[in-house]
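Shown next, in structure tokens, is the structure this report addresses.
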Amino acid sequence: MRLVRQNDEKRAKWTGVRGVVIVLAVSALASAACGSAADPVDRSTEAGVDTSPEVDRGAGAQRGHGRQGALQAPPARALDAYASKLLRSYTLQVAATNRWGLGRVPLAPPLPPAKKPVLRTRKGFEVPGHERDGLPPVVTGIPTREKVVFLTIDDGTEKDPAFLRMTSELKIPYTAFLTDSEVRSDYGYFRQMRNGGAGLDNHTLRHRFLRRLPYAEQKREICGMQDVMEKQFGKRPVLFRPPYGSYDRDTLRAAKDCGIKAVLLWNEEVFPGRWAYREADRRLHPGDIVLTHFRGKRQWKGTMPDMIRDFMKLVTKQGYAVARLEDYL
């Protein structure tokens, strides 16, 4: 009798979870049908490993390429299959959360905005003639009211396979700003990133301090990396980050002449076991760009997965999701 009762309890629990997923699936479909793709995610509770399933609305869009197409309400049999797929996805997310030691399932970002925000240079970061000459905006965050942040990783020194596995299994989007002198030893590693949905952008050929260089040399550093990116990864970037976050008017002129549309700095920097903040309140803000680097134990007191673990724990604790930067630009 005890065995029968245990099986009944397991069946009831499964049915309850499945029912929740079906309700969430119907809700997601209804929202899509009503054109509410840009509605924010309900963040009244934080998701944890032991909580009820959360719809991973951003998984397809953030790892793939842009907004999801309009959803058509399926028949009951198709809806059940869709609910099963969501449940499997959530189960894998919980398993990955446990495997990588996060403690809480990462929050799913909202769908990308239908209208992309306009980027304007942050006050105090302008150079003479900035707007007059149409120079690329310099930003430390993306204008949005959504509780999302954007992970960016610089240079390419450390090439840790565990980092690729971790970000793939946890569906963590990120953008890499690459320096050719650091990545040229293994372009294939960064092609794996690109194939997994990561954005690859320009961080110059040799990571030189650009403000000390004349315009022609700055242009050679930026345009030369554009050529490398196109040859190795099939695309000339439109985003640029100057080494050390240092730039002058010639830097922005050269970036513009090389096809760059925006210069992205950062509002926070994360290391294994430590954060650094630009703002005095030492907290995340909607749309913040977070910087880290491709580093390992030789340079840090930790590995790339250690850094990602610390990053995700704080981001989730403060009620934020990690969104795909390219979806907002």
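The way I read the labels, and the way they are meant: chains A, B, ... in the order of the structure tokens, residue 1 as the first residue of every chain, and ligand 1 as the first ligand shown, with later ones counted on from there.
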Per residue of region 141-188 of chain A within 9 Å of region 113-123 of chain A, note the shortest atom pair and the distance in Å to one decimal, counting only C-alpha atoms, and order the rows by chain and increasing residue number, as a tab-separated table.
```
residue	atom	partner	partner_atom	distance
A:Gly141	CA	A:Arg122	CA	8.8
A:Ile142	CA	A:Leu119	CA	7.1
A:Pro143	CA	A:Pro117	CA	6.0
A:Thr144	CA	A:Pro117	CA	7.4
```
Taking only residues of region 93-187 of chain A that have an atom at most 8 Å from an atom of region 257-266 of chain A, what is each one's shortest atom pair and its distance in Å to one decimal, using only C-alpha atoms, in chain and number order, as a tab-separated table?
```
residue	atom	partner	partner_atom	distance
A:Leu119	CA	A:Ala262	CA	7.9
A:Pro136	CA	A:Ala262	CA	4.8
A:Pro137	CA	A:Ala262	CA	5.2
A:Val138	CA	A:Val263	CA	4.7
A:Val139	CA	A:Leu264	CA	5.3
A:Thr140	CA	A:Trp266	CA	4.3
A:Gly141	CA	A:Trp266	CA	6.7
```
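For region 254-299 of chain A, backbone-based DSSP assignment of helix (DSSP H, G or I) covers Ala254, Ala255, Lys256 and Asp257 of chain A.
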Could you take the residues named above and write them with N, CA, C and O atoms, as a PDB file, in the first residue's frame?
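The file below, selection-v1.pdb, is the result:
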```pdb
ATOM      1  N   ALA A 254      38.365  57.872 -35.959  1.00  0.00           N
ATOM      2  CA  ALA A 254      38.848  56.650 -36.598  1.00  0.00           C
ATOM      3  C   ALA A 254      37.784  55.555 -36.536  1.00  0.00           C
ATOM      4  O   ALA A 254      37.568  54.828 -37.522  1.00  0.00           O
ATOM      5  N   ALA A 255      37.129  55.426 -35.392  1.00  0.00           N
ATOM      6  CA  ALA A 255      36.077  54.413 -35.254  1.00  0.00           C
ATOM      7  C   ALA A 255      34.969  54.645 -36.272  1.00  0.00           C
ATOM      8  O   ALA A 255      34.514  53.706 -36.945  1.00  0.00           O
ATOM      9  N   LYS A 256      34.554  55.899 -36.413  1.00  0.00           N
ATOM     10  CA  LYS A 256      33.517  56.225 -37.395  1.00  0.00           C
ATOM     11  C   LYS A 256      33.973  55.875 -38.804  1.00  0.00           C
ATOM     12  O   LYS A 256      33.227  55.261 -39.588  1.00  0.00           O
ATOM     13  N   ASP A 257      35.206  56.218 -39.129  1.00  0.00           N
ATOM     14  CA  ASP A 257      35.726  55.945 -40.472  1.00  0.00           C
ATOM     15  C   ASP A 257      35.878  54.455 -40.743  1.00  0.00           C
ATOM     16  O   ASP A 257      35.926  54.025 -41.901  1.00  0.00           O
TER      17      ASP A 257
END
```
Can you pull out every residue from region 47-267 of chain A that DSSP, working from the backbone, puts in strand (DSSP E), and format the result as a list in words?
Val138, Val139, Val148, Val149, Phe150, Leu151, Thr152, Ile153, Asp154, Asp155, Thr175, Ala176, Phe177, Leu178, Gly199, Leu200, Asp201, Asn202, Leu239, Phe240, Ala262, Val263 and Leu264 of chain A
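With CA of Leu135 (chain A) on one side and CA of Leu252 (chain A) on the other, the separation reads 6.0 Å.
Closest approach to Arg324 (chain A) from the set A:Pro214, A:Gly287, A:Gly245, A:Pro128 is made by A:Gly287, with distances taken over only C-alpha atoms.
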What lies within 12 Å of Lys297 (chain A) using only C-alpha atoms, ignoring chain neighbours under 3 positions off, as a ChimeraX atom specification?
/A:157-160,271-272,294,300-307
Save the residues we just selected, N, CA and C atoms, as a compact mmCIF listing (two decimals), in the first residue's frame?
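What follows is the written file selection-v9.txt:
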```
# COMPACT_ATOMS: atom_id res chain seq x y z
N THR A 157 42.31 36.47 -23.93
CA THR A 157 43.52 35.80 -23.46
C THR A 157 43.25 34.35 -23.05
N GLU A 158 42.30 34.15 -22.14
CA GLU A 158 41.98 32.80 -21.65
C GLU A 158 40.98 32.14 -22.58
N LYS A 159 41.23 30.89 -22.92
CA LYS A 159 40.34 30.14 -23.82
C LYS A 159 39.90 28.87 -23.12
N ASP A 160 39.00 29.02 -22.19
CA ASP A 160 38.59 27.94 -21.29
C ASP A 160 37.37 27.22 -21.85
N PHE A 271 35.02 40.44 -11.25
CA PHE A 271 36.15 39.52 -11.15
C PHE A 271 35.71 38.35 -10.27
N PRO A 272 36.45 37.26 -10.23
CA PRO A 272 36.11 36.21 -9.27
C PRO A 272 36.16 36.75 -7.84
N PHE A 294 38.62 37.80 -20.37
CA PHE A 294 38.99 36.40 -20.55
C PHE A 294 40.29 36.17 -19.78
N TRP A 300 44.06 35.72 -12.33
CA TRP A 300 43.02 35.92 -11.33
C TRP A 300 43.13 34.88 -10.23
N LYS A 301 42.45 35.11 -9.15
CA LYS A 301 42.29 34.10 -8.10
C LYS A 301 41.02 33.30 -8.37
N GLY A 302 40.95 32.75 -9.57
CA GLY A 302 39.78 32.00 -9.95
C GLY A 302 39.75 31.75 -11.45
N THR A 303 38.74 31.00 -11.89
CA THR A 303 38.58 30.64 -13.30
C THR A 303 37.47 31.45 -13.93
N MET A 304 37.31 31.31 -15.23
CA MET A 304 36.18 31.94 -15.92
C MET A 304 34.84 31.46 -15.35
N PRO A 305 34.63 30.15 -15.14
CA PRO A 305 33.37 29.72 -14.49
C PRO A 305 33.19 30.31 -13.10
N ASP A 306 34.27 30.50 -12.34
CA ASP A 306 34.14 31.14 -11.03
C ASP A 306 33.60 32.56 -11.18
N MET A 307 34.13 33.28 -12.17
CA MET A 307 33.68 34.64 -12.41
C MET A 307 32.21 34.66 -12.82
```
Nearest residue to Leu164 (chain A) from the set A:Leu284, A:Ala83, A:Met193, A:Val127 (distances using only C-alpha atoms)
A:Met193
Report as an NGL selection string all protein, DNA and RNA residues lying within 12 Å of region 97-101 of chain A, evaluated on only C-alpha atoms, omitting residues in the same chain fewer than 2 positions from it.
:A and (47-50 or 90-95 or 103-107 or 162-163 or 165-172 or 304-310 or 312-313 or 316)
Residues of the last selection are to be written out with N, CA, C and O atoms, as a compact mmCIF listing (two decimals), in the first residue's frame.
```
# COMPACT_ATOMS: atom_id res chain seq x y z
N ALA A 47 13.18 33.44 -9.03
CA ALA A 47 13.15 32.01 -9.30
C ALA A 47 14.27 31.32 -8.56
O ALA A 47 15.38 31.79 -8.51
N GLY A 48 14.00 30.13 -8.02
CA GLY A 48 15.01 29.34 -7.35
C GLY A 48 14.94 27.92 -7.81
O GLY A 48 14.01 27.51 -8.50
N VAL A 49 15.89 27.13 -7.41
CA VAL A 49 15.94 25.75 -7.85
C VAL A 49 14.72 24.98 -7.39
O VAL A 49 14.23 24.10 -8.07
N ASP A 50 14.19 25.35 -6.22
CA ASP A 50 13.07 24.59 -5.68
C ASP A 50 11.73 25.27 -5.90
O ASP A 50 10.75 24.95 -5.25
N TYR A 90 12.96 23.71 -18.65
CA TYR A 90 13.12 24.15 -17.28
C TYR A 90 13.90 23.13 -16.46
O TYR A 90 14.76 23.48 -15.65
N THR A 91 13.59 21.85 -16.68
CA THR A 91 14.30 20.79 -15.96
C THR A 91 15.79 20.84 -16.26
O THR A 91 16.63 20.70 -15.36
N LEU A 92 16.15 21.05 -17.53
CA LEU A 92 17.55 21.17 -17.90
C LEU A 92 18.19 22.40 -17.26
O LEU A 92 19.35 22.37 -16.84
N GLN A 93 17.41 23.48 -17.18
CA GLN A 93 17.94 24.71 -16.57
C GLN A 93 18.22 24.50 -15.08
O GLN A 93 19.23 24.96 -14.55
N VAL A 94 17.31 23.80 -14.41
CA VAL A 94 17.52 23.50 -12.99
C VAL A 94 18.76 22.63 -12.81
O VAL A 94 19.58 22.86 -11.93
N ALA A 95 18.89 21.62 -13.67
CA ALA A 95 20.05 20.73 -13.58
C ALA A 95 21.35 21.51 -13.81
O ALA A 95 22.34 21.30 -13.10
N GLY A 103 22.80 28.12 -7.33
CA GLY A 103 21.86 28.25 -6.22
C GLY A 103 20.46 28.63 -6.67
O GLY A 103 19.47 28.08 -6.16
N ARG A 104 20.33 29.57 -7.59
CA ARG A 104 19.03 30.01 -8.11
C ARG A 104 19.04 29.94 -9.63
O ARG A 104 20.04 30.29 -10.26
N VAL A 105 17.93 29.55 -10.18
CA VAL A 105 17.80 29.53 -11.64
C VAL A 105 17.86 30.97 -12.16
O VAL A 105 17.16 31.85 -11.66
N PRO A 106 18.69 31.26 -13.16
CA PRO A 106 18.73 32.62 -13.71
C PRO A 106 17.37 33.08 -14.22
O PRO A 106 16.61 32.29 -14.76
N LEU A 107 17.07 34.33 -14.02
CA LEU A 107 15.81 34.89 -14.50
C LEU A 107 15.85 35.02 -16.01
O LEU A 107 16.87 35.38 -16.60
N ALA A 162 35.50 25.12 -20.41
CA ALA A 162 34.45 25.06 -19.39
C ALA A 162 33.57 26.30 -19.44
O ALA A 162 32.37 26.22 -19.16
N PHE A 163 34.16 27.44 -19.78
CA PHE A 163 33.36 28.67 -19.92
C PHE A 163 32.32 28.52 -21.02
O PHE A 163 31.16 28.91 -20.85
N ARG A 165 30.99 25.74 -22.13
CA ARG A 165 29.96 24.79 -21.67
C ARG A 165 29.00 25.46 -20.69
O ARG A 165 27.78 25.29 -20.78
N MET A 166 29.56 26.20 -19.76
CA MET A 166 28.74 26.82 -18.71
C MET A 166 27.75 27.82 -19.29
O MET A 166 26.55 27.78 -18.98
N THR A 167 28.23 28.73 -20.12
CA THR A 167 27.33 29.75 -20.68
C THR A 167 26.30 29.13 -21.62
O THR A 167 25.17 29.60 -21.71
N SER A 168 26.67 28.05 -22.31
CA SER A 168 25.72 27.37 -23.19
C SER A 168 24.64 26.66 -22.39
O SER A 168 23.44 26.79 -22.68
N GLU A 169 25.04 25.91 -21.37
CA GLU A 169 24.07 25.15 -20.58
C GLU A 169 23.14 26.05 -19.79
O GLU A 169 21.96 25.75 -19.63
N LEU A 170 23.65 27.19 -19.33
CA LEU A 170 22.83 28.13 -18.55
C LEU A 170 22.14 29.17 -19.43
O LEU A 170 21.37 29.98 -18.92
N LYS A 171 22.43 29.14 -20.73
CA LYS A 171 21.82 30.09 -21.68
C LYS A 171 22.12 31.54 -21.28
O LYS A 171 21.22 32.39 -21.26
N ILE A 172 23.37 31.82 -20.99
CA ILE A 172 23.78 33.17 -20.61
C ILE A 172 24.32 33.89 -21.84
O ILE A 172 25.35 33.50 -22.39
N MET A 304 37.31 31.31 -15.23
CA MET A 304 36.18 31.94 -15.92
C MET A 304 34.84 31.46 -15.35
O MET A 304 33.96 32.28 -15.08
N PRO A 305 34.63 30.15 -15.14
CA PRO A 305 33.37 29.72 -14.49
C PRO A 305 33.19 30.31 -13.10
O PRO A 305 32.05 30.63 -12.71
N ASP A 306 34.27 30.50 -12.34
CA ASP A 306 34.14 31.14 -11.03
C ASP A 306 33.60 32.56 -11.18
O ASP A 306 32.73 33.00 -10.41
N MET A 307 34.13 33.28 -12.17
CA MET A 307 33.68 34.64 -12.41
C MET A 307 32.21 34.66 -12.82
O MET A 307 31.42 35.47 -12.31
N ILE A 308 31.81 33.79 -13.75
CA ILE A 308 30.43 33.74 -14.20
C ILE A 308 29.50 33.39 -13.04
O ILE A 308 28.40 33.94 -12.90
N ARG A 309 29.93 32.47 -12.18
CA ARG A 309 29.12 32.09 -11.01
C ARG A 309 28.87 33.30 -10.11
O ARG A 309 27.73 33.56 -9.69
N ASP A 310 29.92 34.06 -9.81
CA ASP A 310 29.76 35.24 -8.97
C ASP A 310 28.88 36.29 -9.65
O ASP A 310 28.05 36.94 -9.00
N MET A 312 26.47 35.78 -11.94
CA MET A 312 25.08 35.36 -12.00
C MET A 312 24.42 35.39 -10.62
O MET A 312 23.23 35.71 -10.50
N LYS A 313 25.15 35.05 -9.59
CA LYS A 313 24.55 35.06 -8.25
C LYS A 313 24.09 36.45 -7.85
O LYS A 313 22.98 36.64 -7.36
N THR A 316 21.10 37.74 -10.26
CA THR A 316 19.82 37.11 -9.93
C THR A 316 19.32 37.58 -8.57
O THR A 316 18.12 37.83 -8.39
```
Separation of CA of Gln218 (chain A) and CA of Gly129 (chain A), in Å?
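Between CA of Gln218 (chain A) and CA of Gly129 (chain A) the gap is 18.5 Å.
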Pick from A:Pro110, A:Pro237, A:Pro161, A:Gly296, whichever lies nearest to Met225 (chain A) using only C-alpha atoms:
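Closest residue, counting only C-alpha atoms: A:Pro237.
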Give me the residues near Phe190 (chain A) as a PDB file with N, CA, C and O atoms, in the first residue's frame, where near means some atom within 9 Å (using only C-alpha atoms) and where sequence neighbours in that chain fewer than 4 positions away do not count.
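Contents of part_31.pdb, as written:
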```pdb
ATOM      1  N   GLY A 156      40.455  38.214 -24.948  1.00  0.00           N
ATOM      2  CA  GLY A 156      40.495  36.866 -25.501  1.00  0.00           C
ATOM      3  C   GLY A 156      41.678  36.053 -25.031  1.00  0.00           C
ATOM      4  O   GLY A 156      42.014  35.035 -25.648  1.00  0.00           O
ATOM      5  N   LYS A 159      41.227  30.888 -22.916  1.00  0.00           N
ATOM      6  CA  LYS A 159      40.339  30.144 -23.824  1.00  0.00           C
ATOM      7  C   LYS A 159      39.903  28.865 -23.120  1.00  0.00           C
ATOM      8  O   LYS A 159      40.394  27.779 -23.417  1.00  0.00           O
ATOM      9  N   ALA A 176      31.566  39.555 -26.792  1.00  0.00           N
ATOM     10  CA  ALA A 176      33.014  39.550 -26.620  1.00  0.00           C
ATOM     11  C   ALA A 176      33.637  40.650 -27.475  1.00  0.00           C
ATOM     12  O   ALA A 176      33.343  40.754 -28.667  1.00  0.00           O
ATOM     13  N   VAL A 183      43.594  36.644 -29.642  1.00  0.00           N
ATOM     14  CA  VAL A 183      42.711  35.578 -30.152  1.00  0.00           C
ATOM     15  C   VAL A 183      43.323  34.789 -31.307  1.00  0.00           C
ATOM     16  O   VAL A 183      42.853  33.693 -31.624  1.00  0.00           O
ATOM     17  N   ASP A 186      43.930  30.945 -31.533  1.00  0.00           N
ATOM     18  CA  ASP A 186      42.840  29.965 -31.602  1.00  0.00           C
ATOM     19  C   ASP A 186      41.548  30.648 -32.045  1.00  0.00           C
ATOM     20  O   ASP A 186      40.613  30.805 -31.266  1.00  0.00           O
ATOM     21  N   ARG A 194      30.645  32.434 -31.496  1.00  0.00           N
ATOM     22  CA  ARG A 194      29.748  33.010 -32.507  1.00  0.00           C
ATOM     23  C   ARG A 194      28.641  32.037 -32.866  1.00  0.00           C
ATOM     24  O   ARG A 194      27.463  32.416 -32.947  1.00  0.00           O
ATOM     25  N   ASN A 195      28.987  30.773 -33.064  1.00  0.00           N
ATOM     26  CA  ASN A 195      27.994  29.769 -33.435  1.00  0.00           C
ATOM     27  C   ASN A 195      26.988  29.526 -32.322  1.00  0.00           C
ATOM     28  O   ASN A 195      25.866  29.089 -32.578  1.00  0.00           O
ATOM     29  N   LEU A 200      30.446  39.101 -31.403  1.00  0.00           N
ATOM     30  CA  LEU A 200      31.886  39.318 -31.453  1.00  0.00           C
ATOM     31  C   LEU A 200      32.154  40.711 -32.010  1.00  0.00           C
ATOM     32  O   LEU A 200      31.707  41.034 -33.111  1.00  0.00           O
ATOM     33  N   PHE A 233      35.516  35.754 -38.901  1.00  0.00           N
ATOM     34  CA  PHE A 233      34.188  35.502 -38.343  1.00  0.00           C
ATOM     35  C   PHE A 233      33.046  35.918 -39.249  1.00  0.00           C
ATOM     36  O   PHE A 233      31.886  35.774 -38.892  1.00  0.00           O
TER      37      PHE A 233
END
```
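Using only C-alpha atoms, the smallest distance between any of A:Ala108, A:Leu210, A:Leu205, A:Leu325 and Ile289 (chain A) comes from A:Leu325.
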